[in-house]
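Visitor: What follows is the file model.tsv, containing TSV, C-alpha atoms and all ligand atoms:
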```tsv
chain	number	residue	atom	x	y	z
A	1	MET	CA	-42.80	-49.63	197.22
A	2	SER	CA	-39.77	-47.42	197.61
A	3	ALA	CA	-40.70	-44.65	195.17
A	4	SER	CA	-43.81	-43.23	193.60
A	5	LEU	CA	-44.91	-44.88	190.39
A	6	ASP	CA	-44.01	-42.02	188.03
A	7	GLN	CA	-40.46	-41.46	189.29
A	8	LYS	CA	-37.39	-42.94	187.60
A	9	PRO	CA	-35.46	-44.88	188.71
A	10	PHE	CA	-38.08	-46.86	190.50
A	11	GLU	CA	-37.82	-49.91	192.70
A	12	ILE	CA	-40.54	-52.23	193.76
A	13	THR	CA	-40.33	-54.85	196.49
A	14	ILE	CA	-42.99	-57.55	196.43
A	15	THR	CA	-43.64	-60.90	198.07
A	16	ARG	CA	-41.57	-63.63	196.41
A	17	PRO	CA	-43.63	-64.78	193.41
A	18	ASP	CA	-44.52	-68.27	192.19
A	19	ASP	CA	-44.62	-69.62	188.65
A	20	TRP	CA	-47.83	-71.60	188.23
A	21	HIS	CA	-46.76	-73.20	184.91
A	22	VAL	CA	-43.22	-74.07	183.90
A	23	HIS	CA	-41.34	-76.71	181.89
A	24	LEU	CA	-38.15	-77.78	183.66
A	25	ARG	CA	-37.44	-80.83	181.45
A	26	ASP	CA	-35.14	-83.58	182.71
A	27	GLY	CA	-31.49	-84.70	182.66
A	28	GLU	CA	-28.96	-82.18	181.42
A	29	ALA	CA	-31.59	-79.67	180.30
A	30	LEU	CA	-33.05	-79.67	183.81
A	31	GLU	CA	-29.61	-79.03	185.28
A	32	ARG	CA	-29.15	-76.04	182.97
A	33	VAL	CA	-32.48	-74.32	183.55
A	34	VAL	CA	-33.74	-75.15	187.03
A	35	ALA	CA	-31.80	-72.44	188.89
A	36	HIS	CA	-33.21	-69.72	186.62
A	37	THR	CA	-36.70	-70.49	187.89
A	38	ALA	CA	-35.59	-71.21	191.46
A	39	PHE	CA	-33.77	-67.89	191.74
A	40	GLN	CA	-36.83	-65.82	190.87
A	41	PHE	CA	-39.68	-67.90	192.27
A	42	GLY	CA	-40.52	-69.51	195.60
A	43	ARG	CA	-42.41	-72.37	193.96
A	44	ALA	CA	-43.36	-73.50	190.49
A	45	VAL	CA	-45.94	-75.89	189.10
A	46	VAL	CA	-43.82	-78.26	187.03
A	47	MET	CA	-45.35	-79.61	183.83
A	48	PRO	CA	-45.35	-83.40	183.35
A	49	ASN	CA	-44.82	-83.57	179.56
A	50	LEU	CA	-41.55	-85.47	179.75
A	51	LYS	CA	-40.64	-88.47	177.61
A	52	PRO	CA	-42.18	-90.71	178.92
A	53	PRO	CA	-44.83	-88.50	180.53
A	54	VAL	CA	-45.24	-88.30	184.30
A	55	THR	CA	-48.43	-90.34	184.68
A	56	THR	CA	-47.95	-91.93	188.12
A	57	THR	CA	-47.32	-90.72	191.64
A	58	GLU	CA	-44.12	-92.72	191.74
A	59	GLN	CA	-42.83	-90.99	188.60
A	60	ALA	CA	-43.82	-87.56	189.96
A	61	LEU	CA	-41.96	-88.14	193.22
A	62	ALA	CA	-38.90	-89.47	191.41
A	63	TYR	CA	-38.96	-86.41	189.11
A	64	LYS	CA	-39.24	-84.13	192.15
A	65	GLY	CA	-36.16	-85.85	193.57
A	66	ARG	CA	-34.22	-85.17	190.35
A	67	ILE	CA	-35.27	-81.50	190.42
A	68	LEU	CA	-34.09	-81.12	194.02
A	69	SER	CA	-30.78	-82.85	193.21
A	70	ALA	CA	-30.25	-80.58	190.20
A	71	LEU	CA	-30.91	-77.56	192.42
A	72	ALA	CA	-28.48	-78.76	195.07
A	73	ALA	CA	-25.80	-79.15	192.38
A	74	SER	CA	-26.54	-75.90	190.58
A	75	ASN	CA	-23.69	-73.78	192.05
A	76	HIS	CA	-25.82	-70.67	191.77
A	77	PRO	CA	-24.28	-67.51	193.31
A	78	ASP	CA	-27.35	-67.28	195.56
A	79	GLN	CA	-27.46	-70.96	196.44
A	80	ASN	CA	-29.49	-70.36	199.64
A	81	LYS	CA	-32.33	-68.82	197.72
A	82	VAL	CA	-32.19	-71.44	194.99
A	83	SER	CA	-32.20	-74.26	197.55
A	84	SER	CA	-35.35	-72.93	199.22
A	85	PHE	CA	-37.32	-73.36	195.97
A	86	GLU	CA	-40.18	-75.84	196.09
A	87	PRO	CA	-41.23	-77.73	192.95
A	88	LEU	CA	-44.97	-78.42	192.89
A	89	MET	CA	-45.57	-81.63	191.00
A	90	THR	CA	-48.29	-82.55	188.50
A	91	LEU	CA	-49.52	-85.70	186.78
A	92	TYR	CA	-50.18	-86.05	183.06
A	93	LEU	CA	-53.80	-87.05	182.41
A	94	THR	CA	-54.38	-89.88	179.93
A	95	ASP	CA	-57.52	-91.62	178.67
A	96	THR	CA	-56.94	-94.29	181.31
A	97	THR	CA	-55.80	-92.38	184.43
A	98	ALA	CA	-57.38	-94.25	187.35
A	99	PRO	CA	-59.13	-92.41	190.19
A	100	GLN	CA	-57.02	-94.46	192.63
A	101	GLU	CA	-53.85	-93.05	191.07
A	102	LEU	CA	-55.17	-89.54	191.66
A	103	GLU	CA	-55.97	-90.39	195.27
A	104	ARG	CA	-52.39	-91.61	195.73
A	105	ALA	CA	-51.03	-88.50	194.03
A	106	HIS	CA	-53.12	-86.20	196.18
A	107	ALA	CA	-51.99	-87.96	199.36
A	108	ALA	CA	-48.35	-87.64	198.21
A	109	GLY	CA	-48.62	-83.86	197.72
A	110	VAL	CA	-48.96	-83.75	193.92
A	111	VAL	CA	-50.82	-80.48	193.43
A	112	ALA	CA	-52.60	-80.82	190.10
A	113	VAL	CA	-53.23	-82.80	186.92
A	114	LYS	CA	-52.56	-81.57	183.38
A	115	LEU	CA	-54.84	-82.25	180.45
A	116	TYR	CA	-53.14	-82.15	177.06
A	117	PRO	CA	-55.45	-82.91	174.15
A	118	PHE	CA	-53.78	-85.65	172.08
A	119	GLY	CA	-51.36	-84.04	169.61
A	120	ALA	CA	-51.85	-80.47	170.86
A	121	THR	CA	-48.22	-79.65	171.66
A	122	THR	CA	-44.76	-80.89	172.75
A	123	ASN	CA	-44.92	-84.50	174.04
A	124	SER	CA	-48.69	-84.77	173.89
A	125	ASP	CA	-48.74	-88.20	172.21
A	126	SER	CA	-50.15	-89.73	175.38
A	127	GLY	CA	-52.70	-86.94	175.68
A	128	VAL	CA	-56.45	-87.27	175.93
A	129	THR	CA	-58.23	-88.48	172.79
A	130	ASP	CA	-61.77	-88.08	174.15
A	131	ILE	CA	-62.55	-86.05	177.25
A	132	ARG	CA	-65.49	-88.35	178.11
A	133	LYS	CA	-62.94	-91.11	178.74
A	134	THR	CA	-61.45	-89.02	181.56
A	135	TYR	CA	-64.74	-88.50	183.40
A	136	PRO	CA	-63.92	-90.99	186.22
A	137	ALA	CA	-60.65	-89.09	186.73
A	138	LEU	CA	-62.35	-85.69	186.63
A	139	GLU	CA	-64.89	-86.91	189.18
A	140	ALA	CA	-61.99	-87.90	191.47
A	141	LEU	CA	-60.28	-84.52	190.99
A	142	GLN	CA	-63.48	-82.73	191.86
A	143	ARG	CA	-63.90	-84.84	195.00
A	144	LEU	CA	-60.26	-84.32	196.03
A	145	GLY	CA	-60.30	-80.56	195.36
A	146	MET	CA	-57.32	-81.02	193.04
A	147	PRO	CA	-57.09	-78.55	190.15
A	148	LEU	CA	-57.31	-79.67	186.52
A	149	LEU	CA	-54.88	-77.65	184.36
A	150	ILE	CA	-55.92	-77.50	180.73
A	151	HIS	CA	-54.01	-76.88	177.52
A	152	ALA	CA	-57.19	-75.52	176.00
A	153	GLU	CA	-56.83	-75.97	172.27
A	154	VAL	CA	-58.68	-78.30	169.91
A	155	THR	CA	-56.46	-80.28	167.57
A	156	ASP	CA	-58.90	-80.69	164.69
A	157	PRO	CA	-56.84	-79.73	161.61
A	158	SER	CA	-59.90	-78.17	160.01
A	159	VAL	CA	-60.00	-75.53	162.77
A	160	ASP	CA	-57.80	-72.52	162.07
A	161	LEU	CA	-54.73	-72.50	164.34
A	162	PHE	CA	-55.64	-69.06	165.68
A	163	ASP	CA	-59.18	-70.16	166.63
A	164	ARG	CA	-58.29	-73.36	168.49
A	165	GLU	CA	-58.50	-71.91	172.00
A	166	ALA	CA	-61.88	-70.24	171.52
A	167	VAL	CA	-63.26	-73.42	169.91
A	168	PHE	CA	-61.99	-75.56	172.81
A	169	ILE	CA	-63.89	-73.39	175.26
A	170	ASP	CA	-67.16	-73.68	173.30
A	171	LYS	CA	-66.77	-77.32	172.40
A	172	HIS	CA	-65.32	-78.81	175.58
A	173	LEU	CA	-64.90	-76.48	178.51
A	174	VAL	CA	-68.51	-75.45	178.78
A	175	ALA	CA	-69.48	-79.15	179.01
A	176	ILE	CA	-66.75	-80.05	181.53
A	177	ARG	CA	-67.82	-77.21	183.82
A	178	LYS	CA	-71.48	-78.15	183.52
A	179	ASP	CA	-70.74	-81.79	184.36
A	180	PHE	CA	-68.26	-80.98	187.15
A	181	PRO	CA	-69.43	-77.70	188.67
A	182	GLU	CA	-67.13	-77.96	191.70
A	183	LEU	CA	-64.01	-78.96	189.77
A	184	LYS	CA	-61.19	-76.42	190.08
A	185	ILE	CA	-59.97	-75.59	186.56
A	186	VAL	CA	-57.05	-73.48	185.37
A	187	ILE	CA	-57.02	-72.62	181.68
A	188	GLU	CA	-53.29	-72.50	181.09
A	189	HIS	CA	-51.53	-69.75	179.11
A	190	ILE	CA	-54.67	-68.03	177.82
A	191	THR	CA	-54.11	-66.13	174.59
A	192	THR	CA	-57.44	-64.68	173.53
A	193	LEU	CA	-60.02	-62.09	174.44
A	194	GLU	CA	-62.60	-64.89	174.44
A	195	ALA	CA	-60.70	-66.89	177.06
A	196	ALA	CA	-60.08	-63.85	179.26
A	197	GLN	CA	-63.77	-62.98	179.11
A	198	TYR	CA	-64.85	-66.55	179.78
A	199	VAL	CA	-62.63	-66.79	182.87
A	200	GLN	CA	-63.67	-63.38	184.14
A	201	ASP	CA	-67.35	-64.31	183.84
A	202	GLY	CA	-66.88	-67.74	185.44
A	203	ASP	CA	-67.32	-68.72	189.08
A	204	SER	CA	-64.56	-69.01	191.68
A	205	HIS	CA	-63.61	-72.55	190.52
A	206	LEU	CA	-62.26	-71.17	187.24
A	207	ALA	CA	-58.94	-69.32	186.81
A	208	ALA	CA	-56.23	-68.78	184.18
A	209	THR	CA	-52.49	-68.33	183.90
A	210	ILE	CA	-50.98	-65.75	181.56
A	211	THR	CA	-47.43	-65.80	180.16
A	212	ALA	CA	-45.11	-62.80	179.88
A	213	HIS	CA	-44.69	-63.35	176.15
A	214	HIS	CA	-48.42	-63.21	175.49
A	215	LEU	CA	-48.57	-59.93	177.46
A	216	LEU	CA	-45.68	-58.37	175.54
A	217	TYR	CA	-46.04	-59.59	171.96
A	218	ASN	CA	-48.61	-60.13	169.28
A	219	ARG	CA	-48.32	-62.45	166.28
A	220	ASN	CA	-46.40	-59.89	164.23
A	221	ALA	CA	-43.37	-60.80	166.38
A	222	ILE	CA	-43.19	-64.20	164.67
A	223	PHE	CA	-42.88	-62.64	161.22
A	224	THR	CA	-40.93	-59.39	161.68
A	225	GLY	CA	-38.37	-59.18	158.86
A	226	GLY	CA	-38.41	-62.97	158.39
A	227	ILE	CA	-39.61	-65.96	160.35
A	228	ARG	CA	-38.57	-65.79	163.99
A	229	PRO	CA	-38.80	-69.21	165.59
A	230	HIS	CA	-37.98	-68.03	169.10
A	231	TYR	CA	-41.37	-66.31	169.23
A	232	TYR	CA	-43.20	-69.49	168.27
A	233	CYS	CA	-45.06	-71.13	171.12
A	234	LEU	CA	-48.38	-72.87	171.62
A	235	PRO	CA	-50.97	-71.55	171.89
A	236	VAL	CA	-49.48	-69.28	169.25
A	237	LEU	CA	-49.29	-65.48	169.75
A	238	LYS	CA	-52.49	-63.81	168.59
A	239	ARG	CA	-53.43	-60.43	167.11
A	240	GLU	CA	-53.05	-57.17	169.05
A	241	THR	CA	-56.68	-57.00	170.23
A	242	HIS	CA	-56.09	-60.25	172.11
A	243	ARG	CA	-52.82	-59.08	173.64
A	244	LEU	CA	-54.58	-55.97	174.91
A	245	ALA	CA	-57.36	-58.10	176.43
A	246	LEU	CA	-54.77	-60.23	178.24
A	247	VAL	CA	-52.98	-57.15	179.60
A	248	LYS	CA	-56.33	-55.83	180.79
A	249	ALA	CA	-57.15	-59.12	182.52
A	250	ALA	CA	-53.71	-59.49	184.16
A	251	THR	CA	-53.71	-55.92	185.45
A	252	SER	CA	-57.41	-55.78	186.34
A	253	GLY	CA	-56.86	-56.78	189.96
A	254	SER	CA	-59.08	-59.85	189.44
A	255	SER	CA	-57.88	-62.78	191.53
A	256	LYS	CA	-58.79	-65.21	188.71
A	257	PHE	CA	-55.63	-64.43	186.73
A	258	PHE	CA	-52.13	-65.35	187.81
A	259	LEU	CA	-48.57	-65.76	186.64
A	260	GLY	CA	-47.56	-68.83	184.65
A	261	THR	CA	-44.52	-68.35	182.43
A	262	ASP	CA	-44.91	-71.49	180.30
A	263	SER	CA	-41.15	-71.09	179.98
A	264	ALA	CA	-40.29	-73.99	177.67
A	265	PRO	CA	-36.62	-74.61	176.84
A	266	HIS	CA	-35.70	-76.19	173.51
A	267	ALA	CA	-32.21	-76.37	172.02
A	268	ALA	CA	-31.74	-73.52	169.54
A	269	HIS	CA	-31.15	-75.85	166.58
A	270	LEU	CA	-34.49	-77.56	167.21
A	271	LYS	CA	-36.31	-74.24	167.10
A	272	GLU	CA	-34.33	-72.92	164.11
A	273	HIS	CA	-35.52	-75.87	162.07
A	274	ALA	CA	-37.86	-76.66	159.17
A	275	SER	CA	-40.33	-77.95	161.76
A	276	GLY	CA	-39.33	-75.90	164.79
A	277	CYS	CA	-40.42	-76.77	168.33
A	278	ALA	CA	-42.97	-74.62	170.15
A	279	GLY	CA	-41.86	-72.79	173.27
A	280	CYS	CA	-40.42	-69.49	174.48
A	281	TYR	CA	-37.69	-69.53	177.12
A	282	THR	CA	-38.48	-66.78	179.62
A	283	ALA	CA	-37.41	-68.24	182.98
A	284	PHE	CA	-34.07	-66.42	182.90
A	285	SER	CA	-35.74	-63.01	183.11
A	286	ALA	CA	-39.35	-63.79	183.88
A	287	MET	CA	-40.10	-61.13	186.47
A	288	GLU	CA	-38.29	-58.44	184.46
A	289	LEU	CA	-40.57	-59.23	181.51
A	290	TYR	CA	-43.76	-59.23	183.57
A	291	ALA	CA	-42.70	-55.94	185.21
A	292	GLU	CA	-42.25	-54.41	181.77
A	293	ALA	CA	-45.74	-55.49	180.70
A	294	PHE	CA	-47.37	-54.13	183.87
A	295	ASP	CA	-45.30	-50.92	183.82
A	296	ALA	CA	-46.29	-50.23	180.20
A	297	VAL	CA	-49.88	-49.69	181.34
A	298	GLY	CA	-49.05	-48.02	184.67
A	299	ALA	CA	-50.14	-51.07	186.68
A	300	MET	CA	-47.09	-51.90	188.81
A	301	ASP	CA	-49.36	-51.78	191.86
A	302	LYS	CA	-51.19	-54.84	190.47
A	303	LEU	CA	-48.09	-56.98	189.91
A	304	GLU	CA	-47.78	-58.42	193.41
A	305	ALA	CA	-51.27	-59.94	193.54
A	306	PHE	CA	-50.90	-61.39	190.04
A	307	ALA	CA	-47.43	-62.83	190.68
A	308	SER	CA	-47.47	-63.69	194.37
A	309	PHE	CA	-50.99	-63.99	195.79
A	310	ASN	CA	-53.68	-65.10	193.33
A	311	GLY	CA	-52.17	-68.44	192.35
A	312	ALA	CA	-51.41	-69.49	195.92
A	313	ASP	CA	-54.92	-68.52	197.00
A	314	PHE	CA	-56.50	-70.49	194.14
A	315	TYR	CA	-54.44	-73.61	194.89
A	316	GLY	CA	-55.18	-73.25	198.62
A	317	LEU	CA	-51.47	-72.91	199.48
A	318	PRO	CA	-49.90	-70.36	201.81
A	319	ARG	CA	-48.45	-67.22	200.25
A	320	ASN	CA	-44.64	-66.97	200.26
A	321	VAL	CA	-42.97	-65.02	203.04
A	322	GLY	CA	-39.77	-63.85	201.29
A	323	LYS	CA	-39.45	-60.73	199.15
A	324	ILE	CA	-37.90	-59.80	195.81
A	325	THR	CA	-36.92	-56.38	194.48
A	326	LEU	CA	-37.11	-55.20	190.88
A	327	ARG	CA	-35.62	-51.96	189.57
A	328	ARG	CA	-36.58	-50.02	186.48
A	329	GLU	CA	-33.17	-49.94	184.81
A	330	SER	CA	-32.10	-51.01	181.36
A	331	CYS	CA	-29.97	-54.13	181.15
A	332	GLN	CA	-28.75	-56.39	178.40
A	333	MET	CA	-29.92	-59.95	177.81
A	334	PRO	CA	-27.26	-62.46	176.77
A	335	GLU	CA	-27.29	-63.72	173.16
A	336	SER	CA	-27.65	-67.29	174.39
A	337	LEU	CA	-27.43	-69.50	177.46
A	338	ALA	CA	-25.53	-72.73	178.03
A	339	PHE	CA	-27.59	-75.84	177.31
A	340	GLY	CA	-25.26	-78.84	177.33
A	341	ASN	CA	-23.79	-79.29	173.86
A	342	ALA	CA	-26.46	-77.02	172.43
A	343	LYS	CA	-27.50	-73.41	172.96
A	344	LEU	CA	-30.63	-72.01	174.53
A	345	ILE	CA	-31.91	-68.73	173.13
A	346	PRO	CA	-33.96	-66.85	175.70
A	347	LEU	CA	-36.72	-64.48	174.70
A	348	ARG	CA	-35.18	-61.01	174.04
A	349	ALA	CA	-31.73	-62.55	173.44
A	350	GLY	CA	-29.18	-59.82	172.72
A	351	GLU	CA	-31.75	-57.09	173.30
A	352	SER	CA	-32.36	-54.90	176.30
A	353	LEU	CA	-34.69	-55.38	179.22
A	354	GLN	CA	-36.30	-52.41	180.94
A	355	TRP	CA	-36.26	-53.92	184.42
A	356	ARG	CA	-33.57	-55.54	186.50
A	357	PHE	CA	-34.07	-58.28	189.09
A	358	VAL	CA	-32.11	-56.84	192.03
A	359	VAL	CA	-32.48	-59.48	194.71
A	401	LIG	O1	-45.01	-73.49	173.54
A	401	LIG	C1	-45.20	-74.48	174.23
A	401	LIG	N1	-44.17	-75.27	174.65
A	401	LIG	N2	-46.45	-74.81	174.54
A	401	LIG	C2	-46.74	-75.96	175.15
A	401	LIG	O2	-47.90	-76.20	175.36
A	401	LIG	C3	-45.66	-76.92	175.52
A	401	LIG	C4	-44.38	-76.28	175.61
A	401	LIG	C5	-43.24	-77.29	175.63
A	401	LIG	O3	-43.29	-78.24	176.41
A	401	LIG	O4	-42.29	-77.11	174.87
A	402	ZN	ZN	-46.72	-75.37	179.02
```
Any chance you could put this one into structure tokens?

Guide:
Amino acid sequence: MSASLDQKPFEITITRPDDWHVHLRDGEALERVVAHTAFQFGRAVVMPNLKPPVTTTEQALAYKGRILSALAASNHPDQNKVSSFEPLMTLYLTDTTAPQELERAHAAGVVAVKLYPFGATTNSDSGVTDIRKTYPALEALQRLGMPLLIHAEVTDPSVDLFDREAVFIDKHLVAIRKDFPELKIVIEHITTLEAAQYVQDGDSHLAATITAHHLLYNRNAIFTGGIRPHYYCLPVLKRETHRLALVKAATSGSSKFFLGTDSAPHAAHLKEHASGCAGCYTAFSAMELYAEAFDAVGAMDKLEAFASFNGADFYGLPRNVGKITLRRESCQMPESLAFGNAKLIPLRAGESLQWRFVV
């Protein structure tokens, strides 16, 4: 660190971070967003909820090829940095995923498998209808040491939207962990005090990612002065007590929590809609947003482990060798970003950021 924590301006240089949960999409959307992630992060775990979903090794490798081509064509001002980015591929778990497919995926370098409960979120129509049906697959993941990434929300319409994560833990996660005690599990984008507590109390096979938006905002953000669709994501923002619990977990120094933006681009007109899509776009300024959340509680000294060490250690991958520098300095976010014929509205659009990504 180049200055003491209470001085302004303040710069911090940390190991190049990784994003352990991102949506890069495909086609033109991919071309528009991929360099945002690749500029800030050394690697990212790329979600498989495309249409159709990435359910086979062959599809994952083909998708990786399209990501690398989009990067090569991105014309980013720092093309060297962007080209050194490594996408870490995942498979989409279905009721019928075969153990042999997971063995092939593992051998091909696919890093993890994502469990979406059927109907839980964007493109989850091929998701799991009954977790017991996936037990042969979970057994294979446990044997291979391949992490299972979980969108941990029940979809039962009789369960209140704000309780769906806590209910998933009680109803499903406890049983999965009992039946597969050696299975590595990441609860993705945790949003509640209950989830943070559950992960903290769990053994070393259990970890969680936390988004910048869940560290910075509570559910009031969705309803301030009118309905604000760009703050709508799933799992939905929760009340302030939960946000505070997430900040505490992320800044605690515990190695069980790490960075996962869940940056999820949707065209503006599909979010500003009677039935708007879920997802916050944070990749454009991800590290600036995380720095703000850590700085707000005087925990900048905890940012590097959260962003650059804990995820790599959990996945059993080497830590990055490059560095990035962030500076505490106000800067303006654009109103929108190019997104083909549509517009992409990033979180904080038209507002100011408190940190700047220097290099
Ligand atoms: O807000 C979200 N957007 N949550 C998800 O789980 C999926 C994501 C997306 O793909 O748009
Ligand atoms: Zn996601």

Visitor: Give the residue list for ligand ZN 402 (chain A) at 7 Å, counting all atoms listed in the file, as an mmCIF file with C-alpha atoms, in the coordinates of the input, sorted by chain and then by residue number.

Guide:
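So the final result, stored in selection_3.cif, reads:
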```
data_model
loop_
_atom_site.group_PDB
_atom_site.id
_atom_site.type_symbol
_atom_site.label_atom_id
_atom_site.label_comp_id
_atom_site.auth_asym_id
_atom_site.auth_seq_id
_atom_site.Cartn_x
_atom_site.Cartn_y
_atom_site.Cartn_z
ATOM 1 C CA HIS A 21 -46.760 -73.200 184.910
ATOM 2 C CA VAL A 22 -43.220 -74.070 183.900
ATOM 3 C CA HIS A 23 -41.340 -76.710 181.890
ATOM 4 C CA MET A 47 -45.350 -79.610 183.830
ATOM 5 C CA ASP A 262 -44.910 -71.490 180.300
ATOM 6 C CA ALA A 264 -40.290 -73.990 177.670
#
```

Visitor: Do a neighbour search on stretch 76-82 of chain A at 7 Å with all atoms listed in the file, toss out local chain neighbours closer than 6 positions, and write the hits as a list in words.

Guide: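 Returned residues: Ala35, Ala38 and Phe39 of chain A.
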
Visitor: Set the distance at 7 Å and use all atoms listed in the file: which residues neighbour stretch 57-74 of chain A once local chain neighbours fewer than 2 positions away are removed? I'd like the list as a PyMOL selection string.

Guide: chain A and resi 31+34-35+54-55+76+82-83+87+89-91+101+104-105

Visitor: Check which residues fall inside 7 Å of ligand LIG 401 (chain A) when counting only C-alpha atoms and all ligand atoms, and print them as an MDAnalysis selection string.

Guide: chainID A and resid 23 49 121:123 151 232:235 262 264:266 277:280

Visitor: Write the selection just made, keeping C-alpha atoms, as a tab-separated table (two decimals), in the coordinates of the input?

Guide:
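New file part.tsv:
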```
chain	number	residue	atom	x	y	z
A	23	HIS	CA	-41.34	-76.71	181.89
A	49	ASN	CA	-44.82	-83.57	179.56
A	121	THR	CA	-48.22	-79.65	171.66
A	122	THR	CA	-44.76	-80.89	172.75
A	123	ASN	CA	-44.92	-84.50	174.04
A	151	HIS	CA	-54.01	-76.88	177.52
A	232	TYR	CA	-43.20	-69.49	168.27
A	233	CYS	CA	-45.06	-71.13	171.12
A	234	LEU	CA	-48.38	-72.87	171.62
A	235	PRO	CA	-50.97	-71.55	171.89
A	262	ASP	CA	-44.91	-71.49	180.30
A	264	ALA	CA	-40.29	-73.99	177.67
A	265	PRO	CA	-36.62	-74.61	176.84
A	266	HIS	CA	-35.70	-76.19	173.51
A	277	CYS	CA	-40.42	-76.77	168.33
A	278	ALA	CA	-42.97	-74.62	170.15
A	279	GLY	CA	-41.86	-72.79	173.27
A	280	CYS	CA	-40.42	-69.49	174.48
```

Visitor: Tell me which protein, DNA and RNA residues are within 12 Å of A:Tyr231, counting all atoms listed in the file, leaving out same-chain ones fewer than 5 positions away, and put them as a VMD selection string.

Guide: chain A and resid 212 to 214 216 to 224 226 236 to 238 263 to 264 271 to 272 276 to 282 345 to 349

Visitor: Between A:Phe41, A:Phe309, A:Tyr315, A:Tyr198, which residue has the minimum interatomic distance to A:Val359, considering all atoms listed in the file?

Guide: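 Of A:Phe41, A:Phe309, A:Tyr315, A:Tyr198, the one nearest A:Val359, counting all atoms listed in the file, is A:Phe41.
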
Visitor: Quick one: of A:Lys343, A:Lys171, A:Arg243, A:Arg356, who's nearest to A:Arg327, counting only C-alpha atoms?

Guide: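 Going through A:Lys343, A:Lys171, A:Arg243, A:Arg356 one by one, the smallest distance to A:Arg327 is for A:Arg356.
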
Visitor: Extract, using all atoms listed in the file, all DNA, RNA and protein residues at most 10 Å from A:Lys133, discarding same-chain residues fewer than 4 positions from it, and format them as a VMD selection string.

Guide: chain A and resid 94 to 97 128 to 129 137 to 138

Visitor: Which residue is closest to A:His242? Choose from A:Glu335, A:Glu288, A:Asp163, A:Asp130 and count only C-alpha atoms.

Guide: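 Residue with the minimum atom-to-atom distance to A:His242: A:Asp163.
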
Visitor: In Å, how far is it from atom CA of A:Arg16 to atom CA of A:Gln40?

Guide: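 For atom CA of A:Arg16 relative to atom CA of A:Gln40, the distance reads 7.6 Å.
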
Visitor: Nearest to A:Thr251: which of A:Ala338, A:Ala307, A:Leu289, A:Ala267 is it, counting only C-alpha atoms?

Guide: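 Result for the nearest residue to A:Thr251: A:Ala307.
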
Visitor: Which residue is closest to A:Phe257? Choose from A:Phe85, A:Phe357, A:Tyr116, A:Trp20 and count all atoms listed in the file.

Guide: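 Of A:Phe85, A:Phe357, A:Tyr116, A:Trp20, the one nearest A:Phe257 is A:Trp20, counting all atoms listed in the file.
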
Visitor: Under the rule that all atoms listed in the file are counted, which of A:Ile227, A:Leu337, A:Ala166, A:Val247 is the nearest residue to A:Gly350?

Guide: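 Of A:Ile227, A:Leu337, A:Ala166, A:Val247, the one nearest A:Gly350, counting all atoms listed in the file, is A:Leu337.
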
Visitor: If we count only C-alpha atoms and set the cut-off at 8 Å, which residues sit around A:Glu165, ignoring sequence neighbours fewer than 3 positions away in its own chain? Please answer as number ranges by chain.

Guide: A: 152-154, 162, 168-169, 190-192, 195, 235
